[in-house]
Amino acid sequence: MELRMSGIPWLRGLLLGSLLLLAPQLEAQGWVISGTVSDAVGSPIPQADLDLFNDLAPSVHIMVSGDTTGLDGTFSMTILEAVPVGAFSLQVDPPPGFMSTTLSLSLSGNIDVGVINLGSGWIISGIVIDSTGAPLTPIDIDMRGTNTGWIDLTGDFTDAAGNFALTLPALVDEYRIVFSMSTPTPTVFPLQLNDVFLFGNTVLGTIVLTPGFTVTGSVIDDTGAPLSGIDMNATDDLGLAAGLFNDDTDLNGNFSVLFPAGTWVADLRSVDPAATQEWVPHTYPQMLVDGPQDLGTVQMFPGYHFFGAVIDSTGNPIAAADFDAEYSATGIPITINNDATGITGQFDVLLPLGSILLEIDPPPLGPVLQTVILPLDVTVGAPLDLGLIVLPDGVLLSGRCIDSTGLPIGLVDVELFDTATGARYPTIHENGATDGTFSFAIDPGNYDLMLIPPTGSGFGPSLQSGLSVMASTDLGDLLMGPGVQLSGSVTSAGVAQPDVLIEISDPASGLIPPWGTLITDPLGQYSVSLIPATYNVNFIAPVTSGYDDHVETNLPLVTDLILDIDFAIQVPAAVTSLLCDAADLNIDLTWINAETDYEMITVFREGVILGQIAGTETQFTDSSPLVGIPALYEVVATRDGLSSDSSSCTVTAPIVFVRCDASPDGLVTIGDAVAILTYMFGQGPLSCLDAADCNDSGMINIADPVALLQFLFVTGSPPPAPYPAAGVDATADSLGCS
């Protein structure tokens, strides 16, 4: 077919112009790139790998053939896809022992790049495995020389067998070598080898990487805006740092940090020296990392500087005095930056807004000095000078907490009360160490010592009254018995309720032990160690919340218990003092309502609803009871769709009858006399011998039908009770009814 454009001049001009515009953009394939790869002295390097990239898309390989040098070091690489004229990069990766290089090329057709000389290097090799001995891949190896900086490495990943052989420049230096898993969800923690002195080919041997897990979360400021550049650090029980990598929050306030498996105390700190606002650090205490964790969102608050100096009673500066802080109202601890005085006794701490208790503890070594607690109201403003703070002289009270086998119980909360007044001695962080020991300075006097074991330890609290501490006193080993943990959360329709006062008392005496008073934390959670026993637990809502208090009565605690309370929806308490009384033909139930706002009360007999009455009622009558057999009655109160526990009683309704109604059909007739005579002469049964005993003699004989016939047809006396209405036999005898 011939395309004729002569009749349309403008169309012919448009097509010709378009072809001219497209001509420089035409792509071609089959171009050949050739050359030779050799070492520094010109010897060929076989088996060098070559890769081609378009500079406009540097991460995408261009399809080629002949991309490996031969025995003579030459290569002839053919481009297998259509590429445009332009700038390209030729990457040359030699076998171990030589340094890689990248050439910049301008391609418009076949090209010979000539000889590519590669420098030689040292081969660093080894194998990377996990803690079970399994090979690890892909593990990325990065190296930084003390003098040379970070090195551009060749072959810096392990293979499927965990082996690696990388080449670095032949430069004698001390190196930092980092091994890390190069996957989005690594399972091992990076290992960093420091100060590795290299001066030739080196076999590093077996590198073992321990398990690691990703910990994620978000950080916001006091207004809810994300906080970026917040640094995370972590230490173990011995204070050793975890050595975290990539541990700062991003622009959205999020962090995703790889932690080594174990138990860590992690904290978040602002470290930007150019920031206009400093933030009070946040601490995650005793965090067990044995799998991926999401720590949720944490809020950090603006901090304000307080500075001064700490001295003793003679005016000498005290170095290494320790600072701790907590909120006055809740006792929630506050993380302190720079929490120790310098050699001249000076300090500079960062505190959040609010009422704060600042504790200054003396150093563990040196003269016996007491702790000082300063109440502070922190407001927005310039740094505040606290001046000179004097730590007074004191006497030392010490001891060690142990279990029944003599093993130490660590991290016990140690509280001291004045024996005469019951006032708590002003200390915050006098707690026991991990080895069970405690030691702190106080004024001479008489004290009550309370020991509260850590949550989940399995030990109960204890109290030693009337200790005389007039000089430094070591109490020795203090035995702590078994305990149970009561914990849970307080919410209202799913919303956490902080500052709820919880009082735990003895049901018989109403006494609250020293450790029986606590409040919920900002997440509405609580936890307390108790001696195994039965308790009343009262949850007292803040007055401003508008919620009713909640009471759990006679709560048996023999094992650890999680007790969650919802103030918005509370299960009503069960009715009390339930009595079941058999009265003639009825069973009468009476009880006391434990609460005044029941909506409904349901009565069950043998598990079947017998009746439902108003929640204000306190009695119910069963007018059709099960006669002659024991029956279980239960009373359940309902409010807001929730039912109380059932209160129950068991009673047997007596059998009733009409005297002389031997049939029985509810009527006294001549037929009843016939039934009695038939029974007497062995011609038929009687269902109720008591009814056939017409004269209530306690026996069935001829006198009974005679008495009935005299009553019916002559002038005999009416039958004894129960007659004429049904009732129970008021005379004790051996007769009965089936």
# chains A, B, ... in the order shown; residues from 1 in each chain; ligands from 1
>>> residues_around(residues="Arg400 (chain A)", least_positions_apart="6", cutoff="7 Å", atoms="only C-alpha atoms", output="ChimeraX atom specification")
/A:436-438,476-478
>>> residues_around(residues="region 692-698 of chain A", least_positions_apart="5", cutoff="12 Å", atoms="only C-alpha atoms", output="number ranges by chain")
A: 657-664, 668, 671-680, 685-687, 703-711, 716-723, 729-737
>>> closest_residue(among="A:Val113, A:Val636, A:Met63, A:Leu71", to="Ala48 (chain A)", atoms="only C-alpha atoms")
A:Leu71
>>> residues_around(residues="region 284-292 of chain A", least_positions_apart="2", cutoff="6 Å", atoms="only C-alpha atoms", output="PyMOL selection string")
chain A and resi 213-215+261-267
>>> residues_around(residues="Pro522 (chain A)", least_positions_apart="6", cutoff="8 Å", atoms="only C-alpha atoms", output="MDAnalysis selection string")
chainID A and resid 496:499
>>> decode(residues="region 106-156 of chain A", atoms="C-alpha atoms", output="JSON list (two decimals), in the first residue's frame")
[["chain", "number", "residue", "atom", "x", "y", "z"],
["A", 106, "SER", "CA", 29.43, 8.14, 26.75],
["A", 107, "LEU", "CA", 27.75, 5.63, 24.44],
["A", 108, "SER", "CA", 26.56, 6.24, 20.90],
["A", 109, "GLY", "CA", 27.81, 2.98, 19.39],
["A", 110, "ASN", "CA", 30.62, 0.42, 19.73],
["A", 111, "ILE", "CA", 33.44, 1.49, 22.06],
["A", 112, "ASP", "CA", 36.84, 0.10, 23.19],
["A", 113, "VAL", "CA", 37.70, 1.31, 26.68],
["A", 114, "GLY", "CA", 41.28, 0.07, 26.48],
["A", 115, "VAL", "CA", 43.11, -1.31, 29.52],
["A", 116, "ILE", "CA", 41.49, -1.00, 32.93],
["A", 117, "ASN", "CA", 44.15, -1.30, 35.63],
["A", 118, "LEU", "CA", 42.95, -2.43, 39.06],
["A", 119, "GLY", "CA", 44.89, -2.03, 42.27],
["A", 120, "SER", "CA", 45.50, -5.01, 44.47],
["A", 121, "GLY", "CA", 44.21, -5.30, 48.05],
["A", 122, "TRP", "CA", 44.02, -7.54, 51.08],
["A", 123, "ILE", "CA", 41.48, -10.33, 51.36],
["A", 124, "ILE", "CA", 39.50, -10.38, 54.61],
["A", 125, "SER", "CA", 37.55, -13.61, 55.00],
["A", 126, "GLY", "CA", 35.54, -15.65, 57.47],
["A", 127, "ILE", "CA", 32.11, -17.13, 58.18],
["A", 128, "VAL", "CA", 29.09, -15.65, 59.96],
["A", 129, "ILE", "CA", 26.73, -17.89, 61.95],
["A", 130, "ASP", "CA", 23.93, -17.45, 64.48],
["A", 131, "SER", "CA", 23.97, -18.65, 68.09],
["A", 132, "THR", "CA", 22.74, -22.10, 67.01],
["A", 133, "GLY", "CA", 25.59, -22.53, 64.49],
["A", 134, "ALA", "CA", 23.45, -21.96, 61.37],
["A", 135, "PRO", "CA", 25.05, -19.86, 58.58],
["A", 136, "LEU", "CA", 23.69, -16.34, 58.16],
["A", 137, "THR", "CA", 22.98, -14.56, 54.89],
["A", 138, "PRO", "CA", 22.75, -11.85, 53.71],
["A", 139, "ILE", "CA", 25.11, -10.30, 56.22],
["A", 140, "ASP", "CA", 26.56, -6.94, 55.15],
["A", 141, "ILE", "CA", 30.16, -6.18, 56.17],
["A", 142, "ASP", "CA", 31.20, -2.54, 56.56],
["A", 143, "MET", "CA", 34.69, -1.30, 57.50],
["A", 144, "ARG", "CA", 36.06, 2.01, 58.68],
["A", 145, "GLY", "CA", 39.75, 2.75, 59.13],
["A", 146, "THR", "CA", 41.00, 5.06, 61.85],
["A", 147, "ASN", "CA", 42.90, 7.06, 59.22],
["A", 148, "THR", "CA", 41.18, 6.02, 55.99],
["A", 149, "GLY", "CA", 37.50, 6.42, 56.96],
["A", 150, "TRP", "CA", 34.78, 4.20, 55.50],
["A", 151, "ILE", "CA", 36.02, 1.77, 52.81],
["A", 152, "ASP", "CA", 34.26, 1.03, 49.51],
["A", 153, "LEU", "CA", 34.37, -2.78, 49.64],
["A", 154, "THR", "CA", 34.09, -5.58, 47.09],
["A", 155, "GLY", "CA", 32.26, -8.80, 47.99],
["A", 156, "ASP", "CA", 30.97, -7.38, 51.27]]
